[in-house]
Amino acid sequence: MGICELCGKEGSRMEADHKELGRIMVCQECWSTLYEKNSMAADIGSSGSSCAFCK
Ligand SMILES: [Zn+2]
């Protein structure tokens, strides 16, 4: 539990790897927003592969 670093809402938070802000703790809503806006750093899930498109 804690406070979202983006909207300040209290509740459960998730760790997000923001492109500009770095590693921040945000609520699920903000996490989804970041994900949809492609604001996450690109190293989630697809790192280590030679091709980012064909996985
Ligand atoms: Zn939030």
# chains A, B, ... in the order shown; residues from 1 in each chain; ligands from 1
>>> residues_near_ligand(ligand="ligand 1", cutoff="7 Å", atoms="only C-alpha atoms and all ligand atoms", output="list of chain:residue names")
A:Cys4, A:Glu5, A:Leu6, A:Cys7, A:Gly8, A:Lys9, A:Val26, A:Cys27, A:Gln28, A:Glu29, A:Cys30
>>> write_last_selection(atoms="C-alpha atoms", output="tab-separated table (two decimals), in the first residue's frame")
chain	number	residue	atom	x	y	z
A	4	CYS	CA	0.69	6.69	-6.48
A	5	GLU	CA	3.61	8.82	-7.65
A	6	LEU	CA	1.62	10.15	-10.59
A	7	CYS	CA	-1.88	10.93	-9.34
A	8	GLY	CA	-1.32	10.77	-5.57
A	9	LYS	CA	-4.12	8.29	-5.00
A	26	VAL	CA	1.93	3.95	-9.53
A	27	CYS	CA	-1.64	2.75	-9.12
A	28	GLN	CA	-3.10	0.30	-11.58
A	29	GLU	CA	-4.94	3.03	-13.47
A	30	CYS	CA	-1.80	5.05	-14.07
>>> select_by_dssp(residues="segment 12-44 of chain A", states="strand (DSSP E)", output="PyMOL selection string")
chain A and resi 13-18+22-27
>>> write_last_selection(atoms="C-alpha atoms", output="PDB file, in the first residue's frame")
ATOM      1  CA  ARG A  13       0.684   0.276  -6.372  1.00  0.00           C
ATOM      2  CA  MET A  14       2.588  -1.366  -9.169  1.00  0.00           C
ATOM      3  CA  GLU A  15       6.151  -0.730 -10.195  1.00  0.00           C
ATOM      4  CA  ALA A  16       6.494   0.974 -13.566  1.00  0.00           C
ATOM      5  CA  ASP A  17       9.619   1.613 -15.574  1.00  0.00           C
ATOM      6  CA  HIS A  18       8.887   5.080 -16.911  1.00  0.00           C
ATOM      7  CA  GLY A  22      12.623   5.965 -14.174  1.00  0.00           C
ATOM      8  CA  ARG A  23      11.312   3.383 -11.728  1.00  0.00           C
ATOM      9  CA  ILE A  24       8.183   4.700 -10.041  1.00  0.00           C
ATOM     10  CA  MET A  25       5.333   3.223  -8.051  1.00  0.00           C
ATOM     11  CA  VAL A  26       1.927   3.953  -9.534  1.00  0.00           C
ATOM     12  CA  CYS A  27      -1.644   2.753  -9.117  1.00  0.00           C
TER      13      CYS A  27
END
>>> atom_distance(atom1="atom CA of Ile3 of chain A", atom2="atom CA of Glu20 of chain A")
19.3 Å
>>> residues_around(residues="Lys19 of chain A", least_positions_apart="2", cutoff="6 Å", atoms="only C-alpha atoms", output="MDAnalysis selection string")
chainID A and resid 22 39:41
>>> decode(residues="segment 10-47 of chain A", atoms="N, CA and C atoms", output="PDB file, in the first residue's frame")
ATOM      1  N   GLU A  10      -4.187   6.935  -2.997  1.00  0.00           N
ATOM      2  CA  GLU A  10      -3.728   5.876  -2.105  1.00  0.00           C
ATOM      3  C   GLU A  10      -4.311   4.541  -2.515  1.00  0.00           C
ATOM      4  N   GLY A  11      -3.548   3.501  -2.318  1.00  0.00           N
ATOM      5  CA  GLY A  11      -4.028   2.167  -2.659  1.00  0.00           C
ATOM      6  C   GLY A  11      -2.859   1.278  -3.019  1.00  0.00           C
ATOM      7  N   SER A  12      -3.160   0.146  -3.628  1.00  0.00           N
ATOM      8  CA  SER A  12      -2.077  -0.741  -4.026  1.00  0.00           C
ATOM      9  C   SER A  12      -1.386  -0.166  -5.248  1.00  0.00           C
ATOM     10  N   ARG A  13      -0.081  -0.302  -5.270  1.00  0.00           N
ATOM     11  CA  ARG A  13       0.684   0.276  -6.372  1.00  0.00           C
ATOM     12  C   ARG A  13       1.436  -0.793  -7.134  1.00  0.00           C
ATOM     13  N   MET A  14       1.781  -0.475  -8.354  1.00  0.00           N
ATOM     14  CA  MET A  14       2.588  -1.366  -9.169  1.00  0.00           C
ATOM     15  C   MET A  14       3.840  -0.619  -9.578  1.00  0.00           C
ATOM     16  N   GLU A  15       4.918  -1.369  -9.766  1.00  0.00           N
ATOM     17  CA  GLU A  15       6.151  -0.730 -10.195  1.00  0.00           C
ATOM     18  C   GLU A  15       6.123  -0.534 -11.708  1.00  0.00           C
ATOM     19  N   ALA A  16       6.443   0.689 -12.137  1.00  0.00           N
ATOM     20  CA  ALA A  16       6.494   0.974 -13.566  1.00  0.00           C
ATOM     21  C   ALA A  16       7.861   1.516 -13.925  1.00  0.00           C
ATOM     22  N   ASP A  17       8.328   1.136 -15.104  1.00  0.00           N
ATOM     23  CA  ASP A  17       9.619   1.613 -15.574  1.00  0.00           C
ATOM     24  C   ASP A  17       9.372   2.734 -16.576  1.00  0.00           C
ATOM     25  N   HIS A  18       9.247   3.947 -16.061  1.00  0.00           N
ATOM     26  CA  HIS A  18       8.887   5.080 -16.911  1.00  0.00           C
ATOM     27  C   HIS A  18      10.092   5.543 -17.726  1.00  0.00           C
ATOM     28  N   LYS A  19       9.839   5.892 -18.981  1.00  0.00           N
ATOM     29  CA  LYS A  19      10.918   6.307 -19.875  1.00  0.00           C
ATOM     30  C   LYS A  19      11.663   7.524 -19.338  1.00  0.00           C
ATOM     31  N   GLU A  20      10.928   8.475 -18.769  1.00  0.00           N
ATOM     32  CA  GLU A  20      11.549   9.718 -18.310  1.00  0.00           C
ATOM     33  C   GLU A  20      11.762   9.760 -16.806  1.00  0.00           C
ATOM     34  N   LEU A  21      10.833   9.182 -16.057  1.00  0.00           N
ATOM     35  CA  LEU A  21      10.899   9.285 -14.599  1.00  0.00           C
ATOM     36  C   LEU A  21      11.654   8.138 -13.953  1.00  0.00           C
ATOM     37  N   GLY A  22      11.937   7.107 -14.745  1.00  0.00           N
ATOM     38  CA  GLY A  22      12.623   5.965 -14.174  1.00  0.00           C
ATOM     39  C   GLY A  22      11.648   5.045 -13.455  1.00  0.00           C
ATOM     40  N   ARG A  23      12.149   4.356 -12.433  1.00  0.00           N
ATOM     41  CA  ARG A  23      11.312   3.383 -11.728  1.00  0.00           C
ATOM     42  C   ARG A  23      10.424   4.094 -10.714  1.00  0.00           C
ATOM     43  N   ILE A  24       9.125   4.021 -10.923  1.00  0.00           N
ATOM     44  CA  ILE A  24       8.183   4.700 -10.041  1.00  0.00           C
ATOM     45  C   ILE A  24       7.098   3.717  -9.624  1.00  0.00           C
ATOM     46  N   MET A  25       6.436   4.044  -8.515  1.00  0.00           N
ATOM     47  CA  MET A  25       5.333   3.223  -8.051  1.00  0.00           C
ATOM     48  C   MET A  25       4.037   3.945  -8.361  1.00  0.00           C
ATOM     49  N   VAL A  26       3.175   3.317  -9.121  1.00  0.00           N
ATOM     50  CA  VAL A  26       1.927   3.953  -9.534  1.00  0.00           C
ATOM     51  C   VAL A  26       0.750   3.009  -9.296  1.00  0.00           C
ATOM     52  N   CYS A  27      -0.456   3.591  -9.269  1.00  0.00           N
ATOM     53  CA  CYS A  27      -1.644   2.753  -9.117  1.00  0.00           C
ATOM     54  C   CYS A  27      -1.923   2.041 -10.439  1.00  0.00           C
ATOM     55  N   GLN A  28      -2.840   1.120 -10.395  1.00  0.00           N
ATOM     56  CA  GLN A  28      -3.097   0.303 -11.577  1.00  0.00           C
ATOM     57  C   GLN A  28      -3.624   1.131 -12.744  1.00  0.00           C
ATOM     58  N   GLU A  29      -4.414   2.151 -12.420  1.00  0.00           N
ATOM     59  CA  GLU A  29      -4.941   3.029 -13.470  1.00  0.00           C
ATOM     60  C   GLU A  29      -3.818   3.734 -14.212  1.00  0.00           C
ATOM     61  N   CYS A  30      -2.909   4.338 -13.444  1.00  0.00           N
ATOM     62  CA  CYS A  30      -1.797   5.046 -14.065  1.00  0.00           C
ATOM     63  C   CYS A  30      -0.889   4.081 -14.803  1.00  0.00           C
ATOM     64  N   TRP A  31      -0.739   2.876 -14.259  1.00  0.00           N
ATOM     65  CA  TRP A  31       0.087   1.876 -14.911  1.00  0.00           C
ATOM     66  C   TRP A  31      -0.479   1.556 -16.289  1.00  0.00           C
ATOM     67  N   SER A  32      -1.800   1.366 -16.346  1.00  0.00           N
ATOM     68  CA  SER A  32      -2.454   1.075 -17.621  1.00  0.00           C
ATOM     69  C   SER A  32      -2.306   2.235 -18.581  1.00  0.00           C
ATOM     70  N   THR A  33      -2.446   3.462 -18.056  1.00  0.00           N
ATOM     71  CA  THR A  33      -2.309   4.646 -18.895  1.00  0.00           C
ATOM     72  C   THR A  33      -0.912   4.735 -19.485  1.00  0.00           C
ATOM     73  N   LEU A  34       0.090   4.497 -18.637  1.00  0.00           N
ATOM     74  CA  LEU A  34       1.469   4.525 -19.114  1.00  0.00           C
ATOM     75  C   LEU A  34       1.674   3.472 -20.191  1.00  0.00           C
ATOM     76  N   TYR A  35       1.107   2.304 -19.947  1.00  0.00           N
ATOM     77  CA  TYR A  35       1.263   1.205 -20.895  1.00  0.00           C
ATOM     78  C   TYR A  35       0.624   1.556 -22.233  1.00  0.00           C
ATOM     79  N   GLU A  36      -0.581   2.123 -22.186  1.00  0.00           N
ATOM     80  CA  GLU A  36      -1.298   2.474 -23.414  1.00  0.00           C
ATOM     81  C   GLU A  36      -0.589   3.594 -24.173  1.00  0.00           C
ATOM     82  N   LYS A  37      -0.031   4.537 -23.434  1.00  0.00           N
ATOM     83  CA  LYS A  37       0.664   5.650 -24.078  1.00  0.00           C
ATOM     84  C   LYS A  37       2.097   5.295 -24.459  1.00  0.00           C
ATOM     85  N   ASN A  38       2.463   4.038 -24.175  1.00  0.00           N
ATOM     86  CA  ASN A  38       3.801   3.571 -24.514  1.00  0.00           C
ATOM     87  C   ASN A  38       4.878   4.372 -23.791  1.00  0.00           C
ATOM     88  N   SER A  39       4.590   4.728 -22.541  1.00  0.00           N
ATOM     89  CA  SER A  39       5.547   5.520 -21.766  1.00  0.00           C
ATOM     90  C   SER A  39       6.472   4.670 -20.911  1.00  0.00           C
ATOM     91  N   MET A  40       6.292   3.358 -20.997  1.00  0.00           N
ATOM     92  CA  MET A  40       7.167   2.474 -20.243  1.00  0.00           C
ATOM     93  C   MET A  40       8.491   2.311 -20.985  1.00  0.00           C
ATOM     94  N   ALA A  41       9.535   2.095 -20.239  1.00  0.00           N
ATOM     95  CA  ALA A  41      10.787   1.721 -20.868  1.00  0.00           C
ATOM     96  C   ALA A  41      10.572   0.383 -21.577  1.00  0.00           C
ATOM     97  N   ALA A  42      11.285   0.176 -22.674  1.00  0.00           N
ATOM     98  CA  ALA A  42      10.951  -0.938 -23.561  1.00  0.00           C
ATOM     99  C   ALA A  42      11.545  -2.278 -23.150  1.00  0.00           C
ATOM    100  N   ASP A  43      12.052  -2.371 -21.932  1.00  0.00           N
ATOM    101  CA  ASP A  43      12.736  -3.615 -21.585  1.00  0.00           C
ATOM    102  C   ASP A  43      11.853  -4.625 -20.876  1.00  0.00           C
ATOM    103  N   ILE A  44      10.544  -4.470 -20.992  1.00  0.00           N
ATOM    104  CA  ILE A  44       9.650  -5.409 -20.328  1.00  0.00           C
ATOM    105  C   ILE A  44       9.271  -6.540 -21.279  1.00  0.00           C
ATOM    106  N   GLY A  45       9.702  -7.721 -20.961  1.00  0.00           N
ATOM    107  CA  GLY A  45       9.265  -8.894 -21.704  1.00  0.00           C
ATOM    108  C   GLY A  45      10.057  -9.189 -22.961  1.00  0.00           C
ATOM    109  N   SER A  46      10.533  -8.166 -23.643  1.00  0.00           N
ATOM    110  CA  SER A  46      11.129  -8.417 -24.954  1.00  0.00           C
ATOM    111  C   SER A  46      12.639  -8.235 -24.975  1.00  0.00           C
ATOM    112  N   SER A  47      13.259  -8.106 -23.818  1.00  0.00           N
ATOM    113  CA  SER A  47      14.703  -7.907 -23.819  1.00  0.00           C
ATOM    114  C   SER A  47      15.427  -9.219 -24.100  1.00  0.00           C
TER     115      SER A  47
END
